[in-house]
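A short write-up of the structure that comes next.
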Amino acid sequence: MINEHNLTQVYKGNIVYTPSLEELTTIENGYVVVENHRVIGTFEQLPEEYRNCEVQDFGHRLILPGFVDLHFHAPQFANRGLGLDKELLPWLEEYTFPEESKFKDLSYAKEIYPQVVHALWKNGTTRSVIFASVHKDSTKYLLDLFIDSGLGAFVGKVNMDRNCPDFILEDSEESLSETLEIIEEYSNKSPLVQPILTPRFVPTCTTPLMEKLGSFARDHKVFIQSHISENQGEVDWVKELYPESLDYASIYHQYGLFGHQPTIMAHCVFNTDTEIELMAKSGVYAAHCPNANYNLASGIMPVRSFLNKGVAVGLGTDVGAGHQVSIPKVMTAAVQASKMKWLESKKTLEPLKLSEVFFMGTKGGGKFFGKVGSFEPEYAFDALIIDDRELGTLDLTLTERLERYLYIGDDRHIEKRFVAGTEVLEPKKTP
Ligand code: GUN
Ligand code: FE
């Protein structure tokens, strides 16, 4: 049985994964051996010692690592596809804050959040890093839903105590005490689901709030997520709020929120070289969200510059600024965006390759969770079984089949999902 300890699982099929940005490993009719939820290795021939194990044979199907979404706003799910003729700041005011305010009522969370978890499951997103809203009870409900689902997630109660409408503005003390309550209640509740500190972004967080959250990160070893340099209007606003600061990144850094614990910064469209170097030095992850950046006319993140400087880059759907839950659709948008950046940079910033975007949406983002996103030894067995027969001939290389699936496949081609060695079954769409 899959759930029992000390049992060896052997899966057979067409295996594809990326040990590094440049390297796509493909094994036709190969074997993945899993013991105690972790990968032992991938093999062209089943090693002698496993000959007696039962083999689950997936035939012509692809076996891929599960997808990792580093940036997703759960309370914006019902707003997908709305207000996307706007730029960031008016979109927040007119669409996002009013929708998020509805999560004050737990009953609204009970209507929407099961749909969110279901959509992630459906799209093969086995691990995700989630912004909830400012509301404590709805956030706890979402944490519990993820725990029940078997999917992996970081879920953060948003903090914001300035520059937003009264109906969503928090009292600073309450924001902090509720955050602490969630950390204490959820840090040891589940091996797969964890709370994360979530200051929304500099413009909506006072200095004392950021300082205190930085001390929570340090004292409780809690990971951190936020937004940075998504939109020019936002960057200008931050400059007005902190005229003395060197740049946007140094504000988070000053308050202990920039790699002091593992940190994700979403967007990174307008960061300076100095900021990119600080991210590399501090081990801050960039979540690249090309769909959202197109939708809100933000710009194109120069991903190549970040990779050249050694920043860990993962992918984010950024639902609801991003309209799609699918990480493959973000992978292909990232290739397209990088090609436009390549032209814009007079062909100096090389476009992203297939292996690079696949890496970002699996192992690159997966690193935030530990050994996740690959089939190398010791990695958690997070996997998708994909039947791509409907997409055309199977007489292609596995690299070509992967590329075709990412561009024209969808959730209908995913037959099974595994997280940490356990098959994850369809979660309920209603409470
Ligand atoms: N910056 C601050 N809040 C948000 C948000 O909800 N979405 C996006 N895309 N950017 C933000
Ligand atoms: Fe976002």
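Starting from 1 in every chain, residues are counted up; chains themselves are A, B, ... following the order of the structure tokens, and ligands are numbered from 1 as listed.
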- Can you list, as a PyMOL selection string, all residues belonging to stretch 70-275 of chain A that DSSP tags as helix (DSSP H, G or I)? chain A and resi 74-79+88-104+106-122+136-149+172-186+202-204+207-220+232-241+248-254+273-275
- Query: If you count only C-alpha atoms and all ligand atoms, which residues end up within 8 Å of ligand 1, as a PyMOL selection string?
  - Reply: chain A and resi 73+76+88-89+92+96+200-201+226-228+230+266-267+292-293+296+318-322
- Task: Check the smallest atom-to-atom distance from each of A:Ser149, A:Gln45, A:Thr317, A:Ser133 to ligand 2 using only C-alpha atoms and all ligand atoms, then report the winner.
- Result: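 Nearest to ligand 2: A:Thr317.
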- Message: Taking only stretch 13-251 of chain A into account, list the residues labelled strand (DSSP E or B) by DSSP (computed from the backbone), as a PyMOL selection string.
- Response: chain A and resi 13-17+25-35+38-43+55-65+67-73+125-131+152-156+158-159+193-195+197-199+224-228
- Item | Within 7 Å of stretch 269-285 of chain A using only C-alpha atoms, minus same-chain residues under 3 positions, as a ChimeraX atom specification | /A:229-230,249,258-259,262-265,299-302,306,309-313
- Task: Quote the spacing between atom CA of A:Phe167 and atom CA of A:Lys140 in Å to one decimal place.
- Result: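 Separating atom CA of A:Phe167 from atom CA of A:Lys140 is a distance of 20.2 Å.
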- Query: From the set A:Gln225, A:Thr422, A:Ser187, A:Thr348, which residue has the shortest atom-to-atom contact distance to ligand 2, counting only C-alpha atoms and all ligand atoms?
  - Reply: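 Smallest distance to ligand 2 is found for A:Gln225.
Proximity to ligand 2 was assessed for A:Ala119, A:Val158, A:Val33, A:Leu349 counting only C-alpha atoms and all ligand atoms; the smallest distance is recorded for A:Val158.
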- Task: State, in Å with one decimal place, the distance from atom CA of A:Asn36 to atom CA of A:Glu378.
- Result: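 Atom CA of A:Glu378 lies at a distance of 9.8 Å from atom CA of A:Asn36.
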- Item | Near-A:His135 list (8 Å; only C-alpha atoms; drop same-chain fewer than 5 positions) as JSON, numbers by chain | {"A": [103, 104, 157, 158]}
- Message: Could you check the closest approach to A:Gly41 for each of A:Ala380, A:Leu7, A:Leu343, A:Leu307 and tell me which residue wins, using only C-alpha atoms?
- Response: A:Ala380
- Task: Pick out the closest residue to ligand 2 from this set: A:Leu241, A:Ala132, A:Val10, A:Ile385. Count only C-alpha atoms and all ligand atoms.
- Result: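 The closest residue to ligand 2 is A:Ala132.
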- Query: Using only C-alpha atoms, which of A:Ile63, A:Val372, A:Ala74, A:Leu406 sits nearest A:Leu354?
  - Reply: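 Going through A:Ile63, A:Val372, A:Ala74, A:Leu406 one by one, the smallest distance to A:Leu354 is for A:Leu406.
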- Task: Extract, using only C-alpha atoms, all DNA, RNA and protein residues at most 10 Å from A:Tyr186, discarding same-chain residues fewer than 3 positions from it, and format them as a ChimeraX atom specification.
- Result: /A:140,143-144,155,180-183,189-190,193-196
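If you count only C-alpha atoms and ignore residues fewer than 5 places along the chain from A:His118, what sits within 9 Å of it is Tyr113, Asn123, Ser149, Glu426, Pro427, Lys428 and Lys429 of chain A.
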Those same residues, written as a tab-separated table (two decimals), in the first residue's frame with all heavy atoms?
```tsv
chain	number	residue	atom	x	y	z
A	113	TYR	N	-13.02	28.95	-0.66
A	113	TYR	CA	-11.73	28.28	-0.46
A	113	TYR	C	-11.71	26.80	-0.87
A	113	TYR	O	-10.70	26.33	-1.41
A	113	TYR	CB	-11.22	28.49	0.97
A	113	TYR	CG	-10.61	29.86	1.21
A	113	TYR	CD1	-10.38	30.35	2.50
A	113	TYR	CD2	-10.22	30.69	0.14
A	113	TYR	CE1	-9.81	31.59	2.73
A	113	TYR	CE2	-9.65	31.94	0.36
A	113	TYR	CZ	-9.44	32.39	1.65
A	113	TYR	OH	-8.87	33.62	1.86
A	123	ASN	N	-5.24	21.20	-11.35
A	123	ASN	CA	-4.21	21.66	-12.27
A	123	ASN	C	-2.83	21.06	-12.00
A	123	ASN	O	-1.85	21.47	-12.62
A	123	ASN	CB	-4.13	23.19	-12.24
A	123	ASN	CG	-5.27	23.81	-13.04
A	123	ASN	OD1	-5.21	23.89	-14.26
A	123	ASN	ND2	-6.34	24.20	-12.36
A	149	SER	N	-6.49	18.18	2.59
A	149	SER	CA	-6.38	17.80	1.17
A	149	SER	C	-5.22	16.86	0.87
A	149	SER	O	-5.27	16.09	-0.07
A	149	SER	CB	-6.24	19.05	0.29
A	149	SER	OG	-4.91	19.57	0.39
A	426	GLU	N	-9.24	13.55	-5.23
A	426	GLU	CA	-9.96	14.79	-5.49
A	426	GLU	C	-10.60	15.35	-4.22
A	426	GLU	O	-11.40	14.68	-3.57
A	426	GLU	CB	-11.05	14.53	-6.54
A	426	GLU	CG	-11.82	15.79	-6.90
A	426	GLU	CD	-12.73	15.60	-8.11
A	426	GLU	OE1	-12.80	14.47	-8.66
A	426	GLU	OE2	-13.34	16.60	-8.52
A	427	PRO	N	-10.24	16.61	-3.87
A	427	PRO	CA	-10.88	17.20	-2.69
A	427	PRO	C	-12.30	17.66	-3.01
A	427	PRO	O	-12.64	17.88	-4.18
A	427	PRO	CB	-9.99	18.41	-2.36
A	427	PRO	CG	-9.22	18.70	-3.59
A	427	PRO	CD	-9.27	17.51	-4.50
A	428	LYS	N	-13.11	17.83	-1.98
A	428	LYS	CA	-14.49	18.28	-2.20
A	428	LYS	C	-14.52	19.76	-2.59
A	428	LYS	O	-13.74	20.55	-2.07
A	428	LYS	CB	-15.29	18.11	-0.91
A	428	LYS	CG	-15.63	16.68	-0.57
A	428	LYS	CD	-16.90	16.69	0.28
A	428	LYS	CE	-16.88	15.63	1.34
A	428	LYS	NZ	-16.33	15.96	2.61
A	429	LYS	N	-15.46	20.11	-3.47
A	429	LYS	CA	-15.59	21.52	-3.88
A	429	LYS	C	-16.48	22.32	-2.95
A	429	LYS	O	-16.60	23.54	-3.08
A	429	LYS	CB	-16.18	21.59	-5.30
A	429	LYS	CG	-15.13	21.59	-6.38
A	429	LYS	CD	-15.76	22.08	-7.66
A	429	LYS	CE	-15.32	21.23	-8.82
A	429	LYS	NZ	-15.97	21.54	-10.06
```
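As for atom CA of A:Leu70 and atom CA of A:Gly316, they are spaced 4.8 Å apart.
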